[in-house]
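One file, input05.csv, carrying CSV, C-alpha atoms and all ligand atoms:
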```csv
chain,number,residue,atom,x,y,z
A,1078,MET,CA,-124.7,24.7,119.0
A,1079,ILE,CA,-121.9,25.6,116.5
A,1080,ARG,CA,-122.1,28.3,113.9
A,1081,LEU,CA,-119.4,29.1,111.5
A,1082,GLU,CA,-119.8,32.5,109.9
A,1083,ASN,CA,-118.0,33.6,106.8
A,1084,LEU,CA,-114.7,31.9,107.6
A,1085,HIS,CA,-111.7,32.9,105.5
A,1086,LYS,CA,-108.2,31.5,105.8
A,1087,THR,CA,-105.3,32.2,103.6
A,1088,TYR,CA,-101.8,30.7,103.7
A,1089,ALA,CA,-98.9,32.5,102.1
A,1090,ALA,CA,-96.7,29.9,100.3
A,1091,PRO,CA,-93.6,31.0,98.2
A,1092,GLY,CA,-94.9,32.6,95.1
A,1093,ARG,CA,-98.6,32.1,95.8
A,1094,ILE,CA,-101.4,32.7,98.3
A,1095,SER,CA,-103.6,29.7,99.1
A,1096,HIS,CA,-107.2,30.3,100.0
A,1097,ALA,CA,-107.8,27.3,102.2
A,1098,LEU,CA,-111.2,28.6,103.3
A,1099,ALA,CA,-113.0,31.2,101.1
A,1100,GLY,CA,-116.2,32.1,103.1
A,1101,VAL,CA,-117.5,29.1,104.9
A,1102,ASP,CA,-120.9,29.2,106.7
A,1103,LEU,CA,-122.1,26.1,108.6
A,1104,ARG,CA,-124.3,25.2,111.5
A,1105,ILE,CA,-123.8,22.0,113.5
A,1106,SER,CA,-126.5,20.9,116.0
A,1107,GLN,CA,-126.0,19.5,119.4
A,1108,GLY,CA,-125.7,15.7,119.5
A,1109,GLU,CA,-125.4,15.2,115.7
A,1110,VAL,CA,-122.7,13.4,113.8
A,1111,PHE,CA,-121.6,15.9,111.1
A,1112,GLY,CA,-119.4,14.9,108.3
A,1113,ILE,CA,-117.2,17.2,106.1
A,1114,ILE,CA,-116.1,15.5,102.9
A,1115,GLY,CA,-113.9,16.8,100.1
A,1116,ARG,CA,-110.9,16.0,97.9
A,1117,SER,CA,-107.3,16.4,99.0
A,1118,GLY,CA,-106.5,20.1,99.5
A,1119,ALA,CA,-110.2,21.2,99.6
A,1120,GLY,CA,-109.8,22.7,103.1
A,1121,LYS,CA,-111.1,20.0,105.4
A,1122,SER,CA,-108.3,20.0,107.9
A,1123,THR,CA,-108.2,23.8,108.0
A,1124,LEU,CA,-111.9,23.8,108.6
A,1125,ILE,CA,-112.0,21.2,111.4
A,1126,ARG,CA,-109.1,23.0,113.1
A,1127,MET,CA,-111.2,26.2,113.3
A,1128,LEU,CA,-113.5,24.4,115.7
A,1129,ASN,CA,-110.8,24.3,118.4
A,1130,LEU,CA,-108.8,27.2,117.0
A,1131,LEU,CA,-105.7,25.2,116.3
A,1132,GLU,CA,-106.0,27.4,113.2
A,1133,ARG,CA,-107.4,30.9,113.4
A,1134,PRO,CA,-109.5,32.5,110.7
A,1135,ASN,CA,-108.3,35.6,108.9
A,1136,GLU,CA,-111.9,36.7,108.9
A,1137,GLY,CA,-115.2,35.4,110.3
A,1138,ARG,CA,-116.5,34.0,113.5
A,1139,VAL,CA,-116.8,30.7,115.3
A,1140,TRP,CA,-119.8,30.6,117.5
A,1141,VAL,CA,-120.1,27.8,120.1
A,1142,ASN,CA,-123.2,27.9,122.4
A,1143,GLY,CA,-123.7,31.6,121.6
A,1144,GLN,CA,-120.1,32.6,122.3
A,1145,ASP,CA,-117.6,33.7,119.6
A,1146,ILE,CA,-114.5,31.6,120.5
A,1147,THR,CA,-112.3,33.8,118.3
A,1148,GLN,CA,-112.7,36.5,121.0
A,1149,PHE,CA,-111.8,34.2,123.9
A,1150,SER,CA,-108.8,35.1,126.2
A,1151,ASP,CA,-106.0,32.6,126.5
A,1152,ALA,CA,-107.5,31.3,129.7
A,1153,GLN,CA,-111.0,30.9,128.2
A,1154,LEU,CA,-109.6,29.2,125.2
A,1155,ARG,CA,-107.7,26.7,127.4
A,1156,ASP,CA,-110.8,26.0,129.3
A,1157,TYR,CA,-112.8,25.6,126.1
A,1158,ARG,CA,-110.3,23.2,124.5
A,1159,ARG,CA,-110.6,20.9,127.5
A,1160,ARG,CA,-114.2,20.4,126.4
A,1161,VAL,CA,-113.2,19.5,122.9
A,1162,GLY,CA,-111.7,16.1,122.1
A,1163,MET,CA,-109.7,15.4,119.0
A,1164,VAL,CA,-108.9,12.1,117.3
A,1165,PHE,CA,-106.1,12.0,114.6
A,1166,GLN,CA,-105.4,9.9,111.6
A,1167,HIS,CA,-102.1,8.6,112.9
A,1168,PHE,CA,-103.3,8.3,116.5
A,1169,ASN,CA,-100.6,10.6,117.9
A,1170,LEU,CA,-99.9,8.4,120.9
A,1171,LEU,CA,-96.8,8.7,123.1
A,1172,ARG,CA,-94.9,5.5,122.2
A,1173,SER,CA,-92.8,5.3,125.4
A,1174,ARG,CA,-95.9,5.5,127.6
A,1175,THR,CA,-98.4,2.8,128.5
A,1176,VAL,CA,-102.0,2.9,127.2
A,1177,LEU,CA,-103.1,4.0,130.6
A,1178,ASP,CA,-100.5,6.9,130.7
A,1179,ASN,CA,-101.6,8.0,127.2
A,1180,VAL,CA,-105.2,8.2,128.3
A,1181,ARG,CA,-104.3,9.9,131.6
A,1182,PHE,CA,-102.2,12.5,129.8
A,1183,PRO,CA,-104.9,15.2,129.3
A,1184,LEU,CA,-106.2,14.7,132.8
A,1185,ARG,CA,-102.7,15.1,134.3
A,1186,LEU,CA,-102.4,18.4,132.3
A,1187,ALA,CA,-105.7,19.5,133.7
A,1188,GLY,CA,-104.4,19.0,137.3
A,1189,MET,CA,-106.7,16.1,138.2
A,1190,PRO,CA,-105.6,14.1,141.3
A,1191,ARG,CA,-103.7,10.9,140.4
A,1192,ALA,CA,-106.3,8.5,141.8
A,1193,GLU,CA,-109.1,10.2,139.8
A,1194,GLN,CA,-107.0,10.2,136.7
A,1195,ASP,CA,-106.5,6.4,137.0
A,1196,ALA,CA,-110.2,5.8,137.7
A,1197,ARG,CA,-111.4,8.0,134.7
A,1198,ALA,CA,-108.7,6.5,132.3
A,1199,ASN,CA,-109.8,3.0,133.2
A,1200,GLU,CA,-113.4,3.9,132.8
A,1201,VAL,CA,-112.9,5.3,129.2
A,1202,LEU,CA,-110.6,2.4,128.3
A,1203,ALA,CA,-113.4,0.0,129.3
A,1204,LEU,CA,-115.8,2.1,127.2
A,1205,VAL,CA,-113.7,1.6,124.1
A,1206,GLY,CA,-113.2,-2.1,124.8
A,1207,LEU,CA,-109.6,-1.9,125.9
A,1208,GLY,CA,-110.0,-2.5,129.6
A,1209,GLU,CA,-107.5,-5.4,129.5
A,1210,HIS,CA,-104.8,-3.5,127.7
A,1211,ALA,CA,-104.1,-0.6,130.1
A,1212,GLY,CA,-100.6,-1.7,130.9
A,1213,LYS,CA,-99.4,-2.3,127.3
A,1214,TYR,CA,-97.5,0.0,125.1
A,1215,PRO,CA,-98.8,1.3,121.8
A,1216,ARG,CA,-96.5,-0.9,119.7
A,1217,GLN,CA,-98.1,-4.0,121.2
A,1218,LEU,CA,-101.5,-3.0,119.8
A,1219,SER,CA,-103.0,-3.2,116.4
A,1220,GLY,CA,-103.8,0.0,114.4
A,1221,GLY,CA,-107.5,-0.3,115.4
A,1222,GLN,CA,-106.7,-0.7,119.0
A,1223,GLN,CA,-104.3,2.2,118.9
A,1224,GLN,CA,-107.1,4.4,117.5
A,1225,ARG,CA,-109.3,3.2,120.3
A,1226,VAL,CA,-106.7,4.5,122.7
A,1227,GLY,CA,-106.8,7.8,120.8
A,1228,ILE,CA,-110.5,7.9,121.2
A,1229,ALA,CA,-110.3,7.0,124.9
A,1230,ARG,CA,-107.8,9.8,125.4
A,1231,ALA,CA,-110.1,12.3,123.6
A,1232,LEU,CA,-113.0,11.2,125.8
A,1233,ALA,CA,-111.2,11.3,129.1
A,1234,SER,CA,-112.0,14.9,129.9
A,1235,ARG,CA,-115.7,14.4,129.2
A,1236,PRO,CA,-115.8,16.6,126.1
A,1237,GLU,CA,-119.0,18.0,124.6
A,1238,LEU,CA,-117.5,18.0,121.1
A,1239,LEU,CA,-115.4,15.3,119.4
A,1240,LEU,CA,-113.4,16.2,116.3
A,1241,CYS,CA,-112.2,13.4,114.1
A,1242,ASP,CA,-109.5,14.3,111.6
A,1243,GLU,CA,-109.5,11.4,109.1
A,1244,ALA,CA,-109.7,9.0,112.1
A,1245,THR,CA,-110.1,5.9,109.9
A,1246,SER,CA,-108.0,6.7,106.9
A,1247,ALA,CA,-105.0,4.7,108.1
A,1248,LEU,CA,-107.1,1.6,108.9
A,1249,ASP,CA,-108.2,-1.4,106.8
A,1250,PRO,CA,-111.9,-1.6,105.8
A,1251,GLU,CA,-112.9,-4.0,108.6
A,1252,THR,CA,-111.2,-2.0,111.3
A,1253,THR,CA,-112.6,1.1,109.9
A,1254,GLN,CA,-116.1,-0.3,110.4
A,1255,SER,CA,-115.4,-1.3,114.0
A,1256,ILE,CA,-114.1,2.2,114.8
A,1257,LEU,CA,-117.1,3.8,113.1
A,1258,ARG,CA,-119.4,1.6,115.1
A,1259,LEU,CA,-117.6,2.7,118.2
A,1260,LEU,CA,-118.0,6.4,117.3
A,1261,LEU,CA,-121.7,5.8,116.7
A,1262,ASP,CA,-122.1,4.1,120.0
A,1263,ILE,CA,-120.3,6.9,121.8
A,1264,ASN,CA,-122.5,9.5,120.0
A,1265,GLN,CA,-125.7,7.6,121.0
A,1266,ARG,CA,-124.7,6.7,124.6
A,1267,LEU,CA,-123.0,10.0,125.6
A,1268,GLY,CA,-125.0,12.3,123.3
A,1269,LEU,CA,-121.7,13.7,122.2
A,1270,THR,CA,-121.6,16.0,119.1
A,1271,ILE,CA,-119.1,14.6,116.6
A,1272,VAL,CA,-117.6,16.4,113.6
A,1273,LEU,CA,-115.5,14.4,111.3
A,1274,ILE,CA,-113.6,15.0,108.1
A,1275,THR,CA,-113.0,12.3,105.5
A,1276,HIS,CA,-112.3,11.5,101.9
A,1277,GLY,CA,-114.7,8.5,102.1
A,1278,MET,CA,-118.4,8.5,101.3
A,1279,ASP,CA,-118.7,5.2,103.0
A,1280,VAL,CA,-117.7,6.8,106.3
A,1281,ILE,CA,-120.3,9.5,105.8
A,1282,ARG,CA,-122.9,6.9,105.0
A,1283,THR,CA,-122.2,4.8,108.0
A,1284,VAL,CA,-122.2,7.4,110.8
A,1285,CYS,CA,-123.2,10.8,109.8
A,1286,ASP,CA,-126.6,12.5,110.2
A,1287,ARG,CA,-125.7,15.5,108.0
A,1288,VAL,CA,-122.9,16.2,105.6
A,1289,ALA,CA,-121.2,19.2,104.0
A,1290,VAL,CA,-119.2,18.9,100.8
A,1291,ILE,CA,-116.2,21.3,100.6
A,1292,ASP,CA,-114.4,22.2,97.4
A,1293,ALA,CA,-111.7,24.8,97.0
A,1294,GLY,CA,-112.4,26.3,100.4
A,1295,ARG,CA,-116.2,26.6,99.8
A,1296,ILE,CA,-119.1,24.5,101.0
A,1297,VAL,CA,-120.7,23.5,97.7
A,1298,GLU,CA,-123.5,21.3,99.1
A,1299,GLN,CA,-124.9,20.3,102.5
A,1300,GLY,CA,-127.9,18.5,103.9
A,1301,SER,CA,-129.1,15.3,105.5
A,1302,VAL,CA,-127.0,12.4,104.3
A,1303,LEU,CA,-130.0,10.7,102.8
A,1304,ASP,CA,-130.9,13.8,100.7
A,1305,VAL,CA,-127.3,14.4,99.6
A,1306,PHE,CA,-126.8,10.8,98.6
A,1307,LEU,CA,-130.1,10.4,96.8
A,1308,HIS,CA,-130.2,13.8,95.2
A,1309,PRO,CA,-126.6,15.1,94.9
A,1310,GLN,CA,-126.6,18.5,93.2
A,1311,HIS,CA,-123.0,19.5,92.8
A,1312,ALA,CA,-120.5,17.9,90.4
A,1313,VAL,CA,-118.0,17.2,93.1
A,1314,THR,CA,-120.6,15.4,95.2
A,1315,GLN,CA,-121.7,13.4,92.2
A,1316,SER,CA,-118.1,12.4,91.4
A,1317,LEU,CA,-117.3,11.4,95.0
A,1318,LEU,CA,-120.4,9.3,95.0
A,1319,SER,CA,-119.6,7.7,91.7
A,1320,GLU,CA,-116.1,6.8,92.9
A,1321,SER,CA,-117.5,5.0,95.9
A,1322,GLY,CA,-119.7,2.9,93.7
A,1323,MET,CA,-122.8,5.0,94.1
A,1324,ASP,CA,-123.0,6.5,90.6
A,1325,GLY,CA,-126.5,7.9,90.0
A,1326,GLU,CA,-125.8,8.5,86.3
A,1327,GLY,CA,-125.0,5.1,85.0
A,1328,TRP,CA,-128.4,4.7,83.4
A,1329,ARG,CA,-127.5,7.2,80.7
A,1330,ASP,CA,-125.5,4.7,78.8
A,1331,MET,CA,-128.5,2.3,78.5
A,1332,ALA,CA,-131.2,4.9,78.0
A,1333,HIS,CA,-130.8,5.3,74.2
A,1334,GLY,CA,-131.9,1.8,73.4
A,1335,VAL,CA,-134.8,1.7,75.7
A,1336,ALA,CA,-138.4,3.0,75.0
A,1337,GLY,CA,-140.8,4.4,77.5
A,1338,ARG,CA,-140.8,7.1,80.1
A,1339,LEU,CA,-137.7,7.2,82.2
A,1340,LEU,CA,-138.2,7.7,85.9
A,1341,ARG,CA,-135.9,7.9,88.9
A,1342,LEU,CA,-137.6,6.5,92.0
A,1343,SER,CA,-136.2,7.2,95.4
A,1344,PHE,CA,-137.5,5.2,98.4
A,1345,ARG,CA,-136.6,5.6,102.0
A,1346,GLY,CA,-137.5,4.0,105.3
A,1347,ASP,CA,-140.4,1.5,105.2
A,1348,ALA,CA,-141.2,2.2,101.6
A,1349,THR,CA,-138.0,0.3,100.6
A,1350,ALA,CA,-139.4,-3.0,101.7
A,1351,GLN,CA,-142.9,-2.7,100.0
A,1352,PRO,CA,-143.6,-4.6,96.8
A,1353,MET,CA,-144.9,-1.5,95.0
A,1354,LEU,CA,-143.5,-2.0,91.6
A,1355,SER,CA,-145.0,-5.4,91.1
A,1356,ARG,CA,-148.4,-3.9,92.2
A,1357,VAL,CA,-148.1,-1.0,89.8
A,1358,SER,CA,-147.2,-3.4,87.0
A,1359,ARG,CA,-150.0,-5.8,87.8
A,1360,GLU,CA,-152.8,-3.3,88.5
A,1361,LEU,CA,-152.1,-0.6,86.0
A,1362,SER,CA,-150.6,-2.8,83.2
A,1363,VAL,CA,-147.4,-0.8,83.1
A,1364,ASP,CA,-144.3,-2.6,81.9
A,1365,LEU,CA,-141.2,-1.7,83.9
A,1366,SER,CA,-137.6,-2.4,83.3
A,1367,ILE,CA,-134.8,-1.4,85.6
A,1368,LEU,CA,-131.9,0.4,84.1
A,1369,GLN,CA,-130.0,1.1,87.3
A,1370,GLY,CA,-130.6,0.5,91.0
A,1371,SER,CA,-129.1,0.7,94.4
A,1372,VAL,CA,-130.4,-0.3,97.8
A,1373,GLY,CA,-128.6,0.1,101.1
A,1374,SER,CA,-128.8,1.7,104.4
A,1375,ILE,CA,-127.7,5.1,105.6
A,1376,LYS,CA,-127.0,5.2,109.3
A,1377,GLY,CA,-129.6,2.4,109.8
A,1378,THR,CA,-132.3,3.9,107.5
A,1379,PRO,CA,-132.9,1.7,104.5
A,1380,TYR,CA,-133.0,3.5,101.1
A,1381,GLY,CA,-133.3,2.6,97.5
A,1382,GLN,CA,-133.0,4.3,94.2
A,1383,LEU,CA,-134.1,2.9,90.9
A,1384,VAL,CA,-134.0,4.2,87.4
A,1385,VAL,CA,-136.8,2.5,85.4
A,1386,SER,CA,-138.3,2.8,82.0
A,1387,ALA,CA,-142.1,2.6,82.2
A,1388,GLN,CA,-144.2,1.7,79.2
A,1389,GLY,CA,-148.0,1.9,79.3
A,1390,GLY,CA,-150.9,4.3,78.4
A,1391,SER,CA,-150.4,7.9,79.5
A,1392,THR,CA,-153.2,7.7,82.0
A,1393,ALA,CA,-151.7,4.6,83.5
A,1394,LEU,CA,-148.3,6.3,83.8
A,1395,GLU,CA,-149.9,9.3,85.5
A,1396,GLN,CA,-151.7,7.0,87.9
A,1397,MET,CA,-148.5,5.1,88.6
A,1398,GLU,CA,-146.7,8.4,89.6
A,1399,THR,CA,-149.6,9.4,91.8
A,1400,PHE,CA,-149.7,6.0,93.5
A,1401,LEU,CA,-145.9,5.9,94.2
A,1402,SER,CA,-145.9,9.6,95.4
A,1403,ASP,CA,-148.7,8.7,97.8
A,1404,LYS,CA,-146.6,5.9,99.2
A,1405,GLY,CA,-143.8,8.3,99.9
A,1406,VAL,CA,-141.7,7.4,96.8
A,1407,LYS,CA,-140.1,10.4,95.1
A,1408,CYS,CA,-140.6,10.2,91.3
A,1409,GLU,CA,-138.4,12.3,89.0
A,1410,VAL,CA,-139.1,12.2,85.3
A,1411,LEU,CA,-135.7,11.9,83.6
A,1412,ARG,CA,-137.2,11.5,80.1
A,1413,PRO,CA,-140.9,12.1,79.4
A,1501,LIG,N1,-99.7,25.5,106.9
A,1501,LIG,C1,-100.0,25.7,105.6
A,1501,LIG,N2,-99.2,26.5,104.9
A,1501,LIG,C2,-99.5,26.7,103.6
A,1501,LIG,N3,-100.5,26.2,102.9
A,1501,LIG,C3,-101.4,25.4,103.6
A,1501,LIG,C4,-101.1,25.1,105.0
A,1501,LIG,N4,-102.1,24.3,105.4
A,1501,LIG,C5,-102.9,24.1,104.4
A,1501,LIG,N5,-102.5,24.7,103.3
A,1501,LIG,C6,-103.1,24.8,102.0
A,1501,LIG,O1,-104.5,25.1,102.1
A,1501,LIG,C7,-105.3,24.2,101.3
A,1501,LIG,C8,-106.3,23.4,102.1
A,1501,LIG,O2,-105.5,22.5,102.9
A,1501,LIG,P1,-106.2,21.4,103.9
A,1501,LIG,O3,-105.1,20.7,104.5
A,1501,LIG,O4,-107.1,22.2,104.8
A,1501,LIG,O5,-107.0,20.5,102.9
A,1501,LIG,P2,-107.6,19.0,103.1
A,1501,LIG,O6,-108.9,19.0,102.4
A,1501,LIG,O7,-107.6,18.7,104.6
A,1501,LIG,O8,-106.5,18.1,102.4
A,1501,LIG,P3,-106.0,16.6,102.7
A,1501,LIG,O9,-107.2,15.8,102.5
A,1501,LIG,O10,-105.0,16.4,101.7
A,1501,LIG,O11,-105.5,16.7,104.1
A,1501,LIG,C9,-104.3,23.4,100.4
A,1501,LIG,O12,-104.1,24.1,99.2
A,1501,LIG,C10,-103.1,23.4,101.3
A,1501,LIG,O13,-101.9,23.3,100.4
```

What does the file become when written as structure tokens?
Ligand SMILES: Nc1ncnc2c1ncn2[C@@H]1O[C@H](COP(=O)(O)OP(=O)(O)OP(=O)(O)O)[C@@H](O)[C@H]1O
Amino acid sequence: MIRLENLHKTYAAPGRISHALAGVDLRISQGEVFGIIGRSGAGKSTLIRMLNLLERPNEGRVWVNGQDITQFSDAQLRDYRRRVGMVFQHFNLLRSRTVLDNVRFPLRLAGMPRAEQDARANEVLALVGLGEHAGKYPRQLSGGQQQRVGIARALASRPELLLCDEATSALDPETTQSILRLLLDINQRLGLTIVLITHGMDVIRTVCDRVAVIDAGRIVEQGSVLDVFLHPQHAVTQSLLSESGMDGEGWRDMAHGVAGRLLRLSFRGDATAQPMLSRVSRELSVDLSILQGSVGSIKGTPYGQLVVSAQGGSTALEQMETFLSDKGVKCEVLRP
């Protein structure tokens, strides 16, 4: 649905030129939740703003449904932007207007008749759980409720694409979770494609299907969230995971004092709930000790990753790896 091709963007600041994007290629499929994560200054905001051309690339193309939107006329671009909703970190609500007026705003700009504006605004307010609050002003609402208004406003014109620019960064953890659940619900119910940028791996883990990691204006890693979380390749991804308590390398400190073959076992889906290690230990007489482990769920799919030391005869160890691989467990030998 969306294809970004060799995007470059430079900004001239006094005394230096900043390469905010240095050759970005990405594909985003219809109906998926796609996350872009990176550190401050990595180029996330610049990148997401390329999707509605709030920023224009110096070089490269932005293909949406087979059309290069960088070549659109002003009228085509206006029409396209109506089909793209955007949600902002600080909500960007009009403080002197009621919730209903805020949500009606894009519909009014689009020239929709008043009665239809009201009906549609009330419909999306009900969708985000704010049906009772239409007559209030933003200051009478909590941060989470204000962001729901921001989401309702973005959805009012029935967009095909929703862009979320750090939509939960200003919210506390509990409110963040409720907004993320709302985004997931919208994605599933409306089949809307969502692209979000964030600093937080937890946000990616909760809602995204696929993720791209950006660093210094370049995509350094991308893939399904499960693959990137379980097998991060790039140092930036590894450190972002480690900072969010998902450090895949903690076993190294313990490895010196432990004998045996060191294996990293990655489980996903049904395999996570099977008592496979106890079977291996019992039936093959392999002694296992766990040096590191994490279990959790990524967008509803359970996963687990364990680093174990396995001690036993070499045939038993080979049989164990074959047994686990047959059951869908990925086995990586960290130390033979
Ligand atoms: N309007 C601008 N003028 C000059 N430099 C800019 C401008 N916008 C962005 N930059 C620079 O481009 C680089 C990427 O910025 P961008 O805002 O896209 O990063 P980011 O990953 O979104 O960061 P943050 O998480 O802090 O918002 C930075 O070095 C930034 O200073």

For this session: Would you mind reading off the distance between atom O10 of ligand LIG 1501 (chain A) and atom CA of A:His1085, one decimal, in Å?
Result: 18.2 Å

For this session: List all protein, DNA and RNA residues that have an atom no more than 12 Å from any atom of ligand LIG 1501 (chain A), counting all atoms listed in the file, and report them as a PyMOL selection string.
Result: chain A and resi 1085-1099+1113-1127+1131-1133+1165-1166+1241-1244+1246+1273-1277+1290-1296

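Minimum atom-to-atom distances from A:Ser1343, A:Ser1402, A:Gln1382, A:Asn1199 to A:Val1180 were compared using all atoms listed in the file, and the lowest value belongs to A:Asn1199.
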
Which neighbours of A:Arg1138 fall inside 12 Å, counting only C-alpha atoms, when residues of the same chain fewer than 4 positions from it are skipped, and could you give them as a tab-separated table (two decimals) with C-alpha atoms, keeping the file's coordinate frame?
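Contents of selection-v9.tsv, as written:
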```tsv
chain	number	residue	atom	x	y	z
A	1079	ILE	CA	-121.90	25.60	116.50
A	1080	ARG	CA	-122.10	28.30	113.90
A	1081	LEU	CA	-119.40	29.10	111.50
A	1082	GLU	CA	-119.80	32.50	109.90
A	1083	ASN	CA	-118.00	33.60	106.80
A	1084	LEU	CA	-114.70	31.90	107.60
A	1085	HIS	CA	-111.70	32.90	105.50
A	1086	LYS	CA	-108.20	31.50	105.80
A	1100	GLY	CA	-116.20	32.10	103.10
A	1101	VAL	CA	-117.50	29.10	104.90
A	1102	ASP	CA	-120.90	29.20	106.70
A	1103	LEU	CA	-122.10	26.10	108.60
A	1104	ARG	CA	-124.30	25.20	111.50
A	1127	MET	CA	-111.20	26.20	113.30
A	1128	LEU	CA	-113.50	24.40	115.70
A	1130	LEU	CA	-108.80	27.20	117.00
A	1133	ARG	CA	-107.40	30.90	113.40
A	1134	PRO	CA	-109.50	32.50	110.70
A	1143	GLY	CA	-123.70	31.60	121.60
A	1144	GLN	CA	-120.10	32.60	122.30
A	1145	ASP	CA	-117.60	33.70	119.60
A	1146	ILE	CA	-114.50	31.60	120.50
A	1147	THR	CA	-112.30	33.80	118.30
A	1148	GLN	CA	-112.70	36.50	121.00
A	1149	PHE	CA	-111.80	34.20	123.90
```

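Distances here use all atoms listed in the file; by that measure, the residue among A:Ala1231, A:Leu1267, A:Leu1354, A:Leu1202 closest to A:Phe1182 is A:Ala1231.
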
For this session: Extract, using all atoms listed in the file, all DNA, RNA and protein residues at most 10 Å from A:Ser1255, discarding same-chain residues fewer than 5 positions from it, and format them as a ChimeraX atom specification.
Result: /A:1221,1225,1245,1250,1260-1261

From the block I gave, I'd like stretch 1383-1396 of chain A written with N, CA and C atoms, as a CSV table (one decimal), in the first residue's frame.
```
chain,number,residue,atom,x,y,z
A,1383,LEU,N,14.8,-18.4,26.3
A,1383,LEU,CA,15.6,-18.9,27.5
A,1383,LEU,C,17.0,-19.1,27.0
A,1384,VAL,N,18.0,-18.7,27.9
A,1384,VAL,CA,19.3,-19.1,27.6
A,1384,VAL,C,19.6,-20.2,28.7
A,1385,VAL,N,20.0,-21.4,28.2
A,1385,VAL,CA,20.2,-22.5,29.2
A,1385,VAL,C,21.6,-23.1,29.0
A,1386,SER,N,22.1,-23.7,30.0
A,1386,SER,CA,23.3,-24.5,29.8
A,1386,SER,C,22.8,-25.9,29.9
A,1387,ALA,N,23.2,-26.7,29.0
A,1387,ALA,CA,22.8,-28.1,28.9
A,1387,ALA,C,24.0,-29.0,29.0
A,1388,GLN,N,23.9,-30.0,30.0
A,1388,GLN,CA,25.0,-30.9,30.2
A,1388,GLN,C,24.5,-32.3,30.0
A,1389,GLY,N,25.2,-33.1,29.2
A,1389,GLY,CA,24.8,-34.5,28.9
A,1389,GLY,C,25.8,-35.0,27.8
A,1390,GLY,N,25.5,-36.2,27.4
A,1390,GLY,CA,26.4,-36.8,26.4
A,1390,GLY,C,26.1,-36.1,25.1
A,1391,SER,N,27.1,-36.1,24.1
A,1391,SER,CA,27.0,-35.3,22.9
A,1391,SER,C,25.8,-35.8,22.1
A,1392,THR,N,25.6,-37.2,22.1
A,1392,THR,CA,24.4,-37.7,21.3
A,1392,THR,C,23.1,-37.1,21.9
A,1393,ALA,N,23.0,-37.1,23.3
A,1393,ALA,CA,21.8,-36.6,23.9
A,1393,ALA,C,21.6,-35.2,23.6
A,1394,LEU,N,22.7,-34.4,23.6
A,1394,LEU,CA,22.6,-33.0,23.3
A,1394,LEU,C,22.1,-32.8,21.8
A,1395,GLU,N,22.6,-33.6,20.9
A,1395,GLU,CA,22.1,-33.5,19.5
A,1395,GLU,C,20.7,-33.8,19.4
A,1396,GLN,N,20.3,-34.9,20.1
A,1396,GLN,CA,18.9,-35.3,20.1
A,1396,GLN,C,18.0,-34.3,20.7
```
